[in-house]
file entry_8.pdb (PDB, C-alpha atoms)
MODEL        1
ATOM      1  CA  MET A   1     -26.701   6.195  12.495
ATOM      2  CA  SER A   2     -29.012   3.761  10.682
ATOM      3  CA  GLN A   3     -28.676  -0.003  10.991
ATOM      4  CA  HIS A   4     -27.805  -0.094   7.300
ATOM      5  CA  ILE A   5     -24.790   2.185   7.808
ATOM      6  CA  GLU A   6     -23.780   0.369  11.001
ATOM      7  CA  TRP A   7     -23.713  -2.947   9.155
ATOM      8  CA  GLU A   8     -21.563  -1.481   6.365
ATOM      9  CA  LEU A   9     -19.118  -0.193   8.981
ATOM     10  CA  ILE A  10     -18.975  -3.541  10.781
ATOM     11  CA  VAL A  11     -18.331  -5.452   7.558
ATOM     12  CA  ALA A  12     -15.734  -2.938   6.357
ATOM     13  CA  LEU A  13     -13.739  -2.948   9.604
ATOM     14  CA  SER A  14     -14.024  -6.669  10.360
ATOM     15  CA  SER A  15     -13.129  -7.825   6.840
ATOM     16  CA  SER A  16     -10.217  -5.366   6.702
ATOM     17  CA  ALA A  17      -8.953  -6.465  10.127
ATOM     18  CA  ILE A  18      -9.183 -10.158   9.254
ATOM     19  CA  GLY A  19      -7.549  -9.578   5.869
ATOM     20  CA  TYR A  20      -4.712  -7.546   7.359
ATOM     21  CA  CYS A  21      -4.039 -10.118  10.100
ATOM     22  CA  LEU A  22      -3.863 -12.925   7.537
ATOM     23  CA  TYR A  23      -1.550 -10.844   5.358
ATOM     24  CA  TYR A  24       0.664  -9.931   8.322
ATOM     25  CA  PHE A  25       1.109 -13.411   9.757
ATOM     26  CA  LEU A  26       1.347 -15.283   6.445
ATOM     27  CA  GLY A  27       3.192 -12.626   4.432
ATOM     28  CA  VAL A  28       5.061 -10.137   6.599
ATOM     29  CA  LYS A  29       6.139 -12.785   9.120
ATOM     30  CA  LYS A  30       6.911 -15.121   6.188
ATOM     31  CA  HIS A  31       5.101 -18.076   7.787
ATOM     32  CA  LEU A  32       3.749 -19.301   4.445
ATOM     33  CA  CYS A  33       6.993 -18.694   2.555
ATOM     34  CA  THR A  34       9.121 -20.332   5.251
ATOM     35  CA  THR A  35       6.830 -23.342   5.533
ATOM     36  CA  LEU A  36       6.742 -23.994   1.802
ATOM     37  CA  LEU A  37      10.162 -22.882   0.570
ATOM     38  CA  ASP A  38      12.718 -22.702   3.381
ATOM     39  CA  GLY A  39      15.684 -24.928   2.536
ATOM     40  CA  ARG A  40      14.501 -25.517  -1.026
ATOM     41  CA  LEU A  41      15.945 -22.333  -2.542
ATOM     42  CA  LYS A  42      19.241 -20.512  -2.310
ATOM     43  CA  GLN A  43      19.125 -17.540   0.060
ATOM     44  CA  ALA A  44      19.178 -14.896  -2.681
ATOM     45  CA  ARG A  45      16.348 -16.553  -4.601
ATOM     46  CA  PHE A  46      14.440 -17.230  -1.364
ATOM     47  CA  SER A  47      14.495 -13.476  -0.625
ATOM     48  CA  VAL A  48      13.096 -12.638  -4.062
ATOM     49  CA  VAL A  49      10.352 -15.259  -3.955
ATOM     50  CA  CYS A  50       9.275 -14.361  -0.418
ATOM     51  CA  VAL A  51       8.780 -10.701  -1.334
ATOM     52  CA  LEU A  52       6.737 -11.659  -4.396
ATOM     53  CA  VAL A  53       4.675 -14.109  -2.329
ATOM     54  CA  ARG A  54       4.038 -11.416   0.293
ATOM     55  CA  ARG A  55       2.813  -8.982  -2.334
ATOM     56  CA  PHE A  56       0.549 -11.651  -3.815
ATOM     57  CA  LEU A  57      -0.892 -12.329  -0.364
ATOM     58  CA  GLY A  58      -1.449  -8.590  -0.027
ATOM     59  CA  VAL A  59      -3.479  -8.555  -3.226
ATOM     60  CA  VAL A  60      -5.608 -11.444  -1.952
ATOM     61  CA  PHE A  61      -6.129 -10.453   1.690
ATOM     62  CA  LEU A  62      -5.952  -6.646   1.543
ATOM     63  CA  GLY A  63      -7.821  -6.180  -1.711
ATOM     64  CA  ILE A  64      -9.890  -9.102  -2.936
ATOM     65  CA  PHE A  65     -11.028 -10.457   0.441
ATOM     66  CA  PRO A  66     -12.462  -7.240   1.981
ATOM     67  CA  LEU A  67     -13.861  -6.117  -1.374
ATOM     68  CA  LEU A  68     -15.758  -9.384  -1.795
ATOM     69  CA  ALA A  69     -16.984  -9.183   1.799
ATOM     70  CA  ILE A  70     -18.395  -5.684   1.494
ATOM     71  CA  TYR A  71     -19.790  -6.317  -1.985
ATOM     72  CA  LEU A  72     -21.515  -9.598  -1.072
ATOM     73  CA  LEU A  73     -22.640  -8.773   2.478
ATOM     74  CA  THR A  74     -23.803  -5.168   2.012
ATOM     75  CA  GLU A  75     -25.531  -3.076  -0.627
ATOM     76  CA  VAL A  76     -22.403  -1.007  -1.275
ATOM     77  CA  SER A  77     -21.617  -0.665  -4.982
ATOM     78  CA  LEU A  78     -18.169  -0.849  -6.543
ATOM     79  CA  GLU A  79     -18.391   2.864  -7.317
ATOM     80  CA  GLN A  80     -18.926   3.574  -3.599
ATOM     81  CA  THR A  81     -15.626   1.827  -2.865
ATOM     82  CA  GLY A  82     -13.796   4.185  -5.194
ATOM     83  CA  ILE A  83     -13.617   1.842  -8.174
ATOM     84  CA  SER A  84     -14.563   4.506 -10.697
ATOM     85  CA  MET A  85     -13.041   7.207 -12.818
ATOM     86  CA  PRO A  86     -12.107  10.315 -10.802
ATOM     87  CA  ARG A  87     -14.603  13.187 -10.759
ATOM     88  CA  GLY A  88     -14.004  16.907 -10.853
ATOM     89  CA  LYS A  89     -10.861  18.699 -11.971
ATOM     90  CA  ALA A  90      -8.909  19.281  -8.752
ATOM     91  CA  TYR A  91      -7.247  15.847  -8.850
ATOM     92  CA  LEU A  92      -5.758  16.703 -12.265
ATOM     93  CA  ALA A  93      -3.458  19.183 -10.549
ATOM     94  CA  TRP A  94      -2.981  17.505  -7.165
ATOM     95  CA  THR A  95      -2.122  14.021  -8.467
ATOM     96  CA  PRO A  96       0.955  15.038 -10.533
ATOM     97  CA  LEU A  97       1.929  17.537  -7.826
ATOM     98  CA  GLY A  98       1.777  14.742  -5.247
ATOM     99  CA  CYS A  99       3.948  12.532  -7.446
ATOM    100  CA  PHE A 100       6.455  15.338  -7.943
ATOM    101  CA  LEU A 101       6.708  16.023  -4.214
ATOM    102  CA  VAL A 102       7.157  12.396  -3.147
ATOM    103  CA  ILE A 103       9.793  11.810  -5.815
ATOM    104  CA  LEU A 104      11.606  14.966  -4.690
ATOM    105  CA  ILE A 105      11.476  13.847  -1.042
ATOM    106  CA  ASN A 106      12.638  10.335  -1.960
ATOM    107  CA  THR A 107      15.612  11.766  -3.848
ATOM    108  CA  PHE A 108      17.033  12.788  -0.467
ATOM    109  CA  ALA A 109      15.373  10.308   1.903
ATOM    110  CA  ALA A 110      16.173   7.137  -0.043
ATOM    111  CA  ARG A 111      19.911   7.422   0.611
ATOM    112  CA  THR A 112      19.572   7.347   4.413
ATOM    113  CA  ALA A 113      20.683   4.318   6.415
ATOM    114  CA  GLU A 114      17.202   3.936   7.921
ATOM    115  CA  ASN A 115      15.627   3.682   4.485
ATOM    116  CA  LEU A 116      18.241   1.305   3.100
ATOM    117  CA  GLU A 117      17.624  -1.055   6.004
ATOM    118  CA  LEU A 118      14.100  -1.593   4.643
ATOM    119  CA  TYR A 119      14.422  -0.959   0.898
ATOM    120  CA  PRO A 120      14.677  -2.266  -1.678
ATOM    121  CA  GLU A 121      12.494  -5.037  -0.308
ATOM    122  CA  ILE A 122      14.105  -7.583  -2.610
ATOM    123  CA  ARG A 123      17.623  -8.177  -1.322
ATOM    124  CA  THR A 124      19.807  -9.100  -4.253
ATOM    125  CA  SER A 125      22.884  -7.726  -5.958
ATOM    126  CA  SER A 126      21.726  -9.136  -9.302
ATOM    127  CA  TRP A 127      19.088  -6.667 -10.447
ATOM    128  CA  THR A 128      18.212  -7.611 -14.008
ATOM    129  CA  LEU A 129      15.728  -5.719 -16.179
ATOM    130  CA  SER A 130      13.232  -8.587 -15.946
ATOM    131  CA  LEU A 131      13.437  -8.642 -12.141
ATOM    132  CA  LEU A 132      13.017  -4.862 -12.005
ATOM    133  CA  ILE A 133       9.910  -5.065 -14.208
ATOM    134  CA  LEU A 134       8.501  -7.967 -12.171
ATOM    135  CA  SER A 135       9.101  -6.104  -8.923
ATOM    136  CA  SER A 136       7.457  -2.955 -10.311
ATOM    137  CA  ILE A 137       4.369  -4.830 -11.513
ATOM    138  CA  THR A 138       3.916  -6.661  -8.219
ATOM    139  CA  TRP A 139       4.449  -3.403  -6.288
ATOM    140  CA  ILE A 140       1.664  -1.717  -8.248
ATOM    141  CA  ALA A 141      -0.665  -4.717  -7.857
ATOM    142  CA  PHE A 142      -0.017  -4.716  -4.108
ATOM    143  CA  LEU A 143      -0.648  -0.970  -3.847
ATOM    144  CA  ILE A 144      -3.940  -1.260  -5.727
ATOM    145  CA  ALA A 145      -5.066  -3.739  -3.069
ATOM    146  CA  TYR A 146      -3.649  -1.574  -0.272
ATOM    147  CA  GLU A 147      -5.508   1.501  -1.483
ATOM    148  CA  MET A 148      -8.642  -0.550  -1.981
ATOM    149  CA  MET A 149      -8.672  -1.473   1.694
ATOM    150  CA  PHE A 150      -7.497   1.741   3.356
ATOM    151  CA  ARG A 151      -9.053   4.323   1.045
ATOM    152  CA  GLY A 152     -11.728   2.495  -0.928
ATOM    153  CA  ILE A 153     -13.265   0.506   1.918
ATOM    154  CA  ILE A 154     -12.238   1.996   5.280
ATOM    155  CA  LEU A 155     -12.034   5.702   4.360
ATOM    156  CA  LEU A 156     -15.121   5.885   2.153
ATOM    157  CA  THR A 157     -17.215   3.783   4.543
ATOM    158  CA  PHE A 158     -16.265   6.117   7.399
ATOM    159  CA  GLU A 159     -17.082   9.107   5.193
ATOM    160  CA  ARG A 160     -20.610   7.834   4.538
ATOM    161  CA  SER A 161     -21.028   7.222   8.275
ATOM    162  CA  PHE A 162     -19.350  10.224   9.940
ATOM    163  CA  GLY A 163     -18.265  12.720   7.288
ATOM    164  CA  ALA A 164     -14.936  13.552   5.670
ATOM    165  CA  THR A 165     -13.017  14.872   8.692
ATOM    166  CA  VAL A 166     -13.678  11.898  10.952
ATOM    167  CA  ALA A 167     -13.111   9.554   8.018
ATOM    168  CA  ILE A 168      -9.667  10.985   7.261
ATOM    169  CA  ILE A 169      -8.570  10.994  10.917
ATOM    170  CA  SER A 170      -9.811   7.444  11.560
ATOM    171  CA  SER A 171      -8.410   5.918   8.390
ATOM    172  CA  VAL A 172      -5.030   7.657   8.786
ATOM    173  CA  LEU A 173      -4.699   6.367  12.360
ATOM    174  CA  LEU A 174      -5.344   2.822  11.149
ATOM    175  CA  TYR A 175      -2.990   3.381   8.216
ATOM    176  CA  ALA A 176      -0.211   4.565  10.539
ATOM    177  CA  LEU A 177      -0.756   1.593  12.879
ATOM    178  CA  ALA A 178      -0.370  -0.742   9.912
ATOM    179  CA  HIS A 179       3.138   0.682   9.381
ATOM    180  CA  MET A 180       4.339   0.267  12.966
ATOM    181  CA  TYR A 181       6.191  -2.971  12.254
ATOM    182  CA  LYS A 182       8.412  -0.995   9.860
ATOM    183  CA  GLY A 183       9.555   1.377  12.585
ATOM    184  CA  SER A 184       8.862   4.903  13.818
ATOM    185  CA  ARG A 185      10.135   6.598  10.634
ATOM    186  CA  GLU A 186       7.622   4.837   8.374
ATOM    187  CA  THR A 187       4.837   5.225  10.932
ATOM    188  CA  ALA A 188       5.393   8.970  11.245
ATOM    189  CA  GLY A 189       5.649   9.413   7.486
ATOM    190  CA  ALA A 190       2.379   7.537   6.976
ATOM    191  CA  VAL A 191       0.444  10.317   8.749
ATOM    192  CA  PRO A 192       0.977  13.295   6.379
ATOM    193  CA  PHE A 193       1.054  10.994   3.359
ATOM    194  CA  GLY A 194      -2.144   9.270   4.499
ATOM    195  CA  ILE A 195      -3.906  12.606   5.051
ATOM    196  CA  PHE A 196      -2.996  13.794   1.561
ATOM    197  CA  ILE A 197      -4.103  10.713  -0.363
ATOM    198  CA  SER A 198      -7.220  10.323   1.788
ATOM    199  CA  TRP A 199      -8.188  13.900   0.933
ATOM    200  CA  LEU A 200      -7.341  13.212  -2.714
ATOM    201  CA  THR A 201      -9.631  10.157  -2.678
ATOM    202  CA  ILE A 202     -12.525  12.111  -1.179
ATOM    203  CA  ILE A 203     -12.349  15.052  -3.591
ATOM    204  CA  SER A 204     -12.059  12.744  -6.617
ATOM    205  CA  HIS A 205     -14.508  10.057  -5.397
ATOM    206  CA  SER A 206     -11.997   7.498  -6.678
ATOM    207  CA  ILE A 207      -8.999   5.515  -5.455
ATOM    208  CA  ILE A 208      -7.196   5.933  -8.781
ATOM    209  CA  PRO A 209      -5.340   9.177  -7.866
ATOM    210  CA  ALA A 210      -4.239   7.608  -4.555
ATOM    211  CA  ILE A 211      -2.960   4.530  -6.400
ATOM    212  CA  ILE A 212      -0.985   6.742  -8.804
ATOM    213  CA  VAL A 213       0.634   8.827  -6.041
ATOM    214  CA  HIS A 214       1.356   5.754  -3.898
ATOM    215  CA  SER A 215       2.915   3.987  -6.893
ATOM    216  CA  CYS A 216       5.107   7.034  -7.577
ATOM    217  CA  THR A 217       6.214   6.901  -3.943
ATOM    218  CA  ALA A 218       6.991   3.192  -3.819
ATOM    219  CA  LEU A 219       8.628   2.872  -7.235
ATOM    220  CA  SER A 220      10.783   5.988  -6.963
ATOM    221  CA  ASN A 221      11.951   4.856  -3.531
ATOM    222  CA  GLU A 222      12.699   1.368  -4.835
ATOM    223  CA  TYR A 223      14.700   2.575  -7.835
ATOM    224  CA  LEU A 224      16.651   5.095  -5.758
ATOM    225  CA  SER A 225      17.247   2.542  -2.995
ATOM    226  CA  ILE A 226      18.634   0.093  -5.535
ATOM    227  CA  TYR A 227      20.932   2.810  -6.855
ATOM    228  CA  TYR A 228      22.214   3.861  -3.431
ATOM    229  CA  THR A 229      22.615   0.263  -2.245
ATOM    230  CA  ARG A 230      24.667  -0.615  -5.314
ATOM    231  CA  LYS A 231      26.668   2.576  -4.856
ATOM    232  CA  ARG A 232      27.524   1.561  -1.294
ATOM    233  CA  GLN A 233      28.581  -1.848  -2.534
ATOM    234  CA  GLY A 234      30.669  -0.328  -5.330
ATOM    235  CA  LEU A 235      28.550  -1.958  -8.029
ATOM    236  CA  ASN A 236      27.502   1.168  -9.947
ATOM    237  CA  LYS A 237      29.615   2.055 -12.926
TER
ENDMDL
END

call {"tool": "encode", "arguments": {"input": "entry_8.pdb", "output": "structure tokens"}}
result
Amino acid sequence: MSQHIEWELIVALSSSAIGYCLYYFLGVKKHLCTTLLDGRLKQARFSVVCVLVRRFLGVVFLGIFPLLAIYLLTEVSLEQTGISMPRGKAYLAWTPLGCFLVILINTFAARTAENLELYPEIRTSSWTLSLLILSSITWIAFLIAYEMMFRGIILLTFERSFGATVAIISSVLLYALAHMYKGSRETAGAVPFGIFISWLTIISHSIIPAIIVHSCTALSNEYLSIYYTRKRQGLNK
């Protein structure tokens, strides 16, 4: 491995690790939200704001921070991080098929007690159209950053260094580890899902198909989780 490739790998992994740690401690653990807002908002509003703040921190630390690091400290181009239009034709079939499959799976999985303990992330009984739109937009923005780090930076850097097989295995392991705080169910599910969208990224040379499939997964699960939560509470008409 050349020094050039080694340096790219070091920057990719170190910037991603630093970004994820900052996101985890400030966002997931709610240190920033609690420090700034605890006691100043009603509990229901505090829950909404904290989720939105966490997603914003994800955009900053999972997307912008590692992207700037690898762009400024290496000779990697934006296209090499998957910020480009997909190539080839295979993704045209696999992307909608992936969306169909995850929506189908979520139709059954979203109603389980394990899922409803985690989703919807925003805990409120007052789901208005504006809140639903705001949640959807921030979900997609967060997932763009998430895919940028795991597929655009980690996966594609590993692919240039070690080839596709090692890249997929390595990135999926890191991806699964990043889900451990959500429990064994999410961690286990991250493995097959991570393999699929990593493969989709490699064959298309773009993170766009992965973003689309991941957005289908997150949004369908959120909408179904809202429905089943309201049904349990007797709020659906």

call {"tool": "resolve_selection", "arguments": {"input": "entry_8.pdb", "expression": "the PyMOL selection byres ((chain A and resi 133-142) around 7)", "output": "PyMOL selection string"}}
result
chain A and resi 52+55-56+58-59+129-132+143-146+215+219

call {"tool": "resolve_selection", "arguments": {"input": "entry_8.pdb", "expression": "the PyMOL selection byres ((chain A and resi 192-205) around 9)", "output": "ChimeraX atom specification"}}
result
/A:79-91,94-95,98,150-152,155-156,159,164,167-169,171-173,175-176,188-191,206-211,213-214

call {"tool": "closest_residue", "arguments": {"input": "entry_8.pdb", "among": "A:Leu92, A:Asn115, A:Ser125, A:Phe61", "to": "Gly234 in chain A", "atoms": "all atoms listed in the file"}}
result
A:Ser125

call {"tool": "resolve_selection", "arguments": {"input": "entry_8.pdb", "expression": "the PyMOL selection byres ((chain A and resi 228) around 12)", "output": "JSON, numbers by chain"}}
result
{"A": [106, 107, 108, 109, 110, 111, 112, 113, 115, 116, 117, 119, 120, 125, 221, 222, 223, 224, 225, 226, 227, 229, 230, 231, 232, 233, 234, 235, 236]}

call {"tool": "atom_distance", "arguments": {"input": "entry_8.pdb", "atom1": "CA of Thr128 in chain A", "atom2": "CA of Cys33 in chain A"}}
result
22.9 Å

call {"tool": "closest_residue", "arguments": {"input": "entry_8.pdb", "among": "A:Leu97, A:Ile64, A:Ile212, A:Ile105", "to": "Tyr23 in chain A", "atoms": "only C-alpha atoms"}}
result
A:Ile64

call {"tool": "atom_distance", "arguments": {"input": "entry_8.pdb", "atom1": "CA of Ala17 in chain A", "atom2": "CA of Ile153 in chain A"}}
result
11.6 Å

call {"tool": "residues_near_point", "arguments": {"input": "entry_8.pdb", "point": "(-21.2, -0.5, -2.6)", "cutoff": "12 Å", "atoms": "only C-alpha atoms", "output": "ChimeraX atom specification"}}
result
/A:4-5,8-9,11-12,66-84,152-153,156-157,160

call {"tool": "closest_residue", "arguments": {"input": "entry_8.pdb", "among": "A:Thr187, A:Thr124, A:Ser220, A:Thr34", "to": "Leu174 in chain A", "atoms": "only C-alpha atoms"}}
result
A:Thr187

call {"tool": "axis_aligned_box", "arguments": {"input": "entry_8.pdb", "around": "range 162-168 of chain A", "padding_each_side": "8 Å", "output": "lines of an AutoDock Vina configuration file"}}
result
center_x = -14.5
center_y = 12.2
center_z = 8.3
size_x = 25.7
size_y = 21.3
size_z = 21.3

call {"tool": "atom_distance", "arguments": {"input": "entry_8.pdb", "atom1": "CA of Ala178 in chain A", "atom2": "CA of Leu32 in chain A"}}
result
19.8 Å

call {"tool": "closest_residue", "arguments": {"input": "entry_8.pdb", "among": "A:Ala93, A:Cys50, A:His31, A:Ser14", "to": "Phe65 in chain A", "atoms": "only C-alpha atoms"}}
result
A:Ser14

call {"tool": "residues_around", "arguments": {"input": "entry_8.pdb", "residues": "Arg54 in chain A", "least_positions_apart": "6", "cutoff": "8 Å", "atoms": "only C-alpha atoms", "output": "ChimeraX atom specification"}}
result
/A:23,26-28,30

call {"tool": "closest_residue", "arguments": {"input": "entry_8.pdb", "among": "A:Leu13, A:Val49, A:Leu104, A:Leu118", "to": "Leu62 in chain A", "atoms": "all atoms listed in the file"}}
result
A:Leu13

call {"tool": "closest_residue", "arguments": {"input": "entry_8.pdb", "among": "A:Arg123, A:Tyr24, A:Gly163, A:Trp7", "to": "Phe46 in chain A", "atoms": "all atoms listed in the file"}}
result
A:Arg123
